[in-house]
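First comes the structure, then the notes that go with it.
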There are 2 protein chains.
Amino acid sequence: MTTERADLLVIGASAAGLKCAARFRRLRPEARILVLDAAKDISVGACGLPYVVSGDIDDPEDLRKTAFDVLRDESFFASYKDIEVRTGVRAESIDIEAGTVHAATGDGTVTFSYGELLLATGAAPKVPSGMPAFSDRVRAVKAMDDARGIRGLLQTGQIEEVGIIGAGFIGCEMAEAFGSMWGCSVTLLEAADQVLPGMLDPDMAAIVESELRQQSVDVRTGTLVDRVEQSEGVVIHPRGAAPIEVDLVVVAIGVAPQVALAKAAGIEVGEAGGIVVDQHMRTNAPHVYAAGDCVECTSAVTGKAKMYALGSLANRQGRVAADHMAGRGSKFGPVAGSMIVKAFDLNASATGLTQGEAARMGKDVACVWGTFGDRAHYYPEERRVFAKMVFERGTGRVIGLQLVGRGDVARLVDVLSTVLLRGGTVDDLLDLEFAYAPPFAGALDPLHHLGAMAMAQQRDGVEPVGPTEDWGTSTCVDVRTPEEAQAAPWAGEAVHVPMGEVRRRVSELPAGDVVVVCEKGPRSLEVARWLGGLRDGSVRYLAGGRSLRQRDLG
Amino acid sequence: MTTERADLLVIGASAAGLKCAARFRRLRPEARILVLDAAKDISVGACGLPYVVSGDIDDPEDLRKTAFDVLRDESFFASYKDIEVRTGVRAESIDIEAGTVHAATGDGTVTFSYGELLLATGAAPKVPSGMPAFSDRVRAVKAMDDARGIRGLLQTGQIEEVGIIGAGFIGCEMAEAFGSMWGCSVTLLEAADQVLPGMLDPDMAAIVESELRQQSVDVRTGTLVDRVEQSEGVVIHPRGAAPIEVDLVVVAIGVAPQVALAKAAGIEVGEAGGIVVDQHMRTNAPHVYAAGDCVECTSAVTGKAKMYALGSLANRQGRVAADHMAGRGSKFGPVAGSMIVKAFDLNASATGLTQGEAARMGKDVACVWGTFGDRAHYYPEERRVFAKMVFERGTGRVIGLQLVGRGDVARLVDVLSTVLLRGGTVDDLLDLEFAYAPPFAGALDPLHHLGAMAMAQQRDGVEPVGPTEDWGTSTCVDVRTPEEAQAAPWAGEAVHVPMGEVRRRVSELPAGDVVVVCEKGPRSLEVARWLGGLRDGSVRYLAGGRSLRQRDLG
């Protein structure tokens, strides 16, 4: 039995592993670096797979290419990076004391001894119970072969009906890929009562769900799948509903970290299910690091361990591990958990915790919502974005942000995450500085508005009503102009008093509790603030206005 | 002589003044609030004027409207905000001890006594010497009448040739308005040796300049205008060049704060030319605040006073002033100075200091440059963005960022300003978290790349060559693939060794100093880092690659 020696041995040739190898090479020009992977396709940009299926990306191999059009295969890593990558080699056990890894190749077993070891074993698609074995008609979207296989079927006209199990971001992206590009009938089944669970709260997810329906996707939330049968076609059996016959089933209920190898070697795996690492990506075993989808991160909001399967984090973790192996003090800190997804013509992004998750973690949170344009309101092509911000009552600490709309949703989430990562409060949002010109933004940024709304609630007790909240017996006061009310009628009973007349018509307002409504929120907030001091009943305002409540995407 | 009493008296009915009044109203429902303005058009979104001229915005009055389509005139403020605005009233003097302001109306003089006074007198267009009086053929772009007047001439076909004096952002926006929308011949004259001085360094401004030329704008930098004559047509006399006959001259050489009223009252005006205020926007006179384009801000980079005429700051300052008047402790902190501009199909943004300005302030700075896509490189519709980051040698403190390209330039500048405002370093950029999905971004953000490049320079001495830098007798080594070199030949002498072959062909490389070149920068950085340890001569890399050097906008 041969033993090969590597200064750095990496298990897993995807984002985290290859980044670590490349960075270690830069810092240690003379080191021997070896990367093992059980699969044959390495360095797949898995986040791009839905776009291969859709045809947005023409050649599947593009996902494996560099920006300068060279395939990132074994020979690329050898010649460009001086890194040896071996595919089809499965690591089977780690002997921590000996500092060795036993691996199976096609020809037998090899032992590798390492100076430093990185576990970048990633995550594998979760499979619900009652599923047949994966086949060309029942698949996840995780490997190149999945994308190639599905696309092959599409191109030869073999798929008309698709069932997607799981409405997370892969599920929503795949719904678009099949529906928009190939004209397939898509049924999207989700066990939770909403699409994009974990990313959005139900009120924001409802906007995405209505877009999916608009685009002819048959969305079935709150639907458990008992089993899937494959014979000639594929039949999905949703609990309590008629079976659905489809040509293809895509399973997208999330991923589970691959930690069996680590566990068997006595490496600590945490309660969240991933390998436990310190801020330098070290495991509890000497000279053994881990990075990527197989490790637990620390939530910047809760300080607790949490799994995130995000390519952007994997890259940063790989770099930190290599730095530390080479004697540099880089650290990987707590994570905000920023995500973004495109579903048909709608964009959604989020960072931090949702209201639901924060409440489950025992936090006392409050929320504000808003309807914004992504440039000056008078500039052509302004596109709408809805926002929801979650913050902690009392301290005002920012907990999370969710955005959904036709407009840009990347900028705000990336800026807010900087505030969240440093433990900032809603007051801090007012100190943010933004580049402003009418083609790009408004003079007051949505984050300024959200900060001001949160402070109005915190300091002055001006309470919002959420877009899907029931306001019971409160009377609705619509303060929009007559022109607005005619153009977009309020779907419900309301007393109509334009804001410009409210001050002199206070006596006409209904007694008791009221909810003030306008088109996007600012006017009703202002009226509510002012009226609150003048009346007996409670005065709240409809956050995000009629637009958000009626999911009017503009 | 009558004396009127106001709890809050505001001089100037634009962004800062009106924001302060509105905020004070919210905090003090019973107060009497009075706003004076010498002009008749109030609450003009002046940043939108170029888009009125271009016709992008159809009705000039749109700039004065709320998002719900109501004109923000005197009656709007009366009925919606309970704020009294008086137009055509010019404040002529302030008596600090008496707490009064004397003002001229059409009918005579009025005295106002105030509880709190806000000076929001703004800034006026600078006028170069040798100019005739402003007329319908010689104008600035500052007031509604300017936009209305110019547009009237355009619509009646009276303007074919336009001369714009000053290539700052108003000048560049106006060049687009006249050129792109109305097909006018535009001559853009600028005294500095570059367009957008103060915002961009010459190397980045050159990209904007070449776009302007591409769009048929006759750009004349380094050109002083001796005088302008108006008789039937208008004649511009540039120094040392033939006179230019045009139908219209637009003056856009910047603005000067209007501080005469403050100065005469003994209110302190600083060396930068604006009213001196503390972090609560208080002047040195009791109960007198100032906000907007007439005040000095503190640069977050230098800690020194500087003038910024930015609508986004004016709004925030107005709010802080009102808060403090009402007993709240809000503060307005140091300013990064974030700016953004669209010129034809090119976007440019900046924050912090340019390399040139930092050097003039005595800072020892270094720079890195990059060529990036604004989404995953394999995703369709990826658009290019060039970046330049300035940082302090030694400390690594971030000093500024400049972006130019066809892609999105808002997100990165808004995120970087959060780092700059807290005095962050290039290392901190690697800890930023970004939402990633292929339609929105790459897995590694441009700010991660720029941070890593800066650290390579700081820690490992890998030195870039700037895109317009002369590299003397160094030999150029082009490490691109043969396909790339054929598709976009390198304009100059070079030894061609593809990166994949560099390791085994080291002996073929020329002796002496070399500059490694690739398409966008990362490969040449990596080769330079590695080669640096193996050779005698210096090894540098071309930052931003061939794309940036040859201003290839992609």
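Chains: A, B, ... in order of the structure tokens. Residues: from 1 per chain. Ligands: from 1, in order shown.
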
Item to check | All strand (DSSP E or B) positions in segment 220-290 of chain A, as JSON, numbers by chain | outcome: {"A": [220, 225, 226, 227, 228, 229, 230, 234, 235, 236, 237, 238, 244, 245, 246, 248, 249, 250, 251, 255, 256, 257, 269, 275, 282, 288, 289, 290]}

Next on the checklist: At a cut-off of 10 Å, using only C-alpha atoms, what residues contact segment 84-101 of chain A? Leave out same-chain residues fewer than 3 positions from it and give the result as JSON, numbers by chain.
Outcome noted: {"A": [3, 4, 5, 6, 9, 10, 11, 12, 13, 18, 21, 32, 33, 34, 35, 36, 37, 38, 39, 40, 41, 42, 73, 74, 75, 76, 77, 78, 79, 81, 104, 105, 106, 107, 108, 109, 110, 111, 112, 113, 114, 115, 116, 117, 121, 260, 261, 262, 263, 264, 265, 266, 267, 285, 286, 287, 288]}

Next on the checklist: Quick check: residues of chain A within 7 Å of chain B, only C-alpha atoms, returned as a count of residues only.
Outcome noted: 37

Checklist entry - What are the DSSP helix (DSSP H, G or I) residues of segment 301-440 of chain B, as an NGL selection string? => result :B and (311-325 or 355-360 or 410-421 or 426-429)

Next on the checklist: If we count only C-alpha atoms and set the cut-off at 6 Å, which residues sit around Val225 of chain B, ignoring sequence neighbours fewer than 6 positions away in its own chain? Please answer as an MDAnalysis selection string.
Outcome noted: chainID B and resid 237:239

What would the file look like if the residues just selected were written as a PDB file, in the first residue's frame with N, CA and C atoms?
```pdb
ATOM      1  N   HIS B 237     -15.001  82.337 -26.348  1.00  0.00           N
ATOM      2  CA  HIS B 237     -13.591  82.564 -26.706  1.00  0.00           C
ATOM      3  C   HIS B 237     -12.688  81.721 -25.808  1.00  0.00           C
ATOM      4  N   PRO B 238     -12.344  80.520 -26.255  1.00  0.00           N
ATOM      5  CA  PRO B 238     -11.410  79.707 -25.463  1.00  0.00           C
ATOM      6  C   PRO B 238     -10.000  80.266 -25.639  1.00  0.00           C
ATOM      7  N   ARG B 239      -9.218  80.226 -24.580  1.00  0.00           N
ATOM      8  CA  ARG B 239      -7.852  80.767 -24.651  1.00  0.00           C
ATOM      9  C   ARG B 239      -7.019  79.951 -25.638  1.00  0.00           C
TER      10      ARG B 239
END
```

Item to check | Selected residue, from A:Tyr289, A:Phe24, A:Trp490, A:Phe134, that lies nearest to Leu119 of chain A when counting only C-alpha atoms | outcome: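 That would be A:Tyr289, the residue with the smallest distance to Leu119 of chain A.
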
Checklist entry - Using only C-alpha atoms, which residue out of B:Gly198, B:Val514, B:Cys20, B:Glu508 lies closest to Gly472 of chain B? => result B:Val514

Item to check | Long-range neighbours of Ala46 of chain B as a list of chain:residue names, 8 Å cut-off, only C-alpha atoms, 4 positions minimum in chain | outcome: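 Answer for this query is B:Leu63, B:Lys142, B:Ala143, B:Met144.
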
Export of prior selection with N, CA, C and O atoms as a short mmCIF file (atom, residue, chain, number, x, y, z; two decimals), in the first residue's frame:
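The resulting result34.cif:
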```cif
data_model
loop_
_atom_site.label_atom_id
_atom_site.label_comp_id
_atom_site.auth_asym_id
_atom_site.auth_seq_id
_atom_site.Cartn_x
_atom_site.Cartn_y
_atom_site.Cartn_z
N LEU B 63 -40.81 67.57 -11.06
CA LEU B 63 -39.71 67.70 -10.09
C LEU B 63 -40.19 68.28 -8.77
O LEU B 63 -39.51 68.14 -7.76
N LYS B 142 -29.91 75.59 -12.58
CA LYS B 142 -30.05 75.60 -11.13
C LYS B 142 -31.51 75.79 -10.73
O LYS B 142 -31.94 75.27 -9.71
N ALA B 143 -32.26 76.52 -11.55
CA ALA B 143 -33.64 76.82 -11.18
C ALA B 143 -34.60 76.25 -12.21
O ALA B 143 -34.21 75.93 -13.33
N MET B 144 -35.86 76.14 -11.83
CA MET B 144 -36.88 75.64 -12.75
C MET B 144 -36.90 76.45 -14.03
O MET B 144 -37.07 75.91 -15.12
#
```

Item to check | All residues 10 Å or closer to Gly461 of chain A, only C-alpha atoms, same chain fewer than 6 positions away omitted, as a ChimeraX atom specification | outcome: /A:454-455,529,532,540

Writer output for current selection, N, CA and C atoms, as a short mmCIF file (atom, residue, chain, number, x, y, z; two decimals), in the first residue's frame:
```cif
data_model
loop_
_atom_site.label_atom_id
_atom_site.label_comp_id
_atom_site.auth_asym_id
_atom_site.auth_seq_id
_atom_site.Cartn_x
_atom_site.Cartn_y
_atom_site.Cartn_z
N ALA A 454 -38.88 52.90 12.01
CA ALA A 454 -38.61 52.11 13.21
C ALA A 454 -38.46 53.02 14.43
N MET A 455 -37.82 54.17 14.23
CA MET A 455 -37.66 55.10 15.35
C MET A 455 -39.01 55.71 15.75
N ARG A 529 -49.21 59.68 13.28
CA ARG A 529 -48.42 60.30 14.34
C ARG A 529 -49.14 61.50 14.93
N GLY A 532 -52.67 60.63 16.52
CA GLY A 532 -52.53 59.85 17.74
C GLY A 532 -52.66 60.69 18.98
N ARG A 540 -53.31 53.59 14.08
CA ARG A 540 -52.16 52.92 13.48
C ARG A 540 -52.12 53.24 11.99
#
```

Checklist entry - Which value, in Å to one decimal, gives the distance between atom CA of Leu154 of chain B and atom CA of Arg227 of chain B? => result 24.2 Å
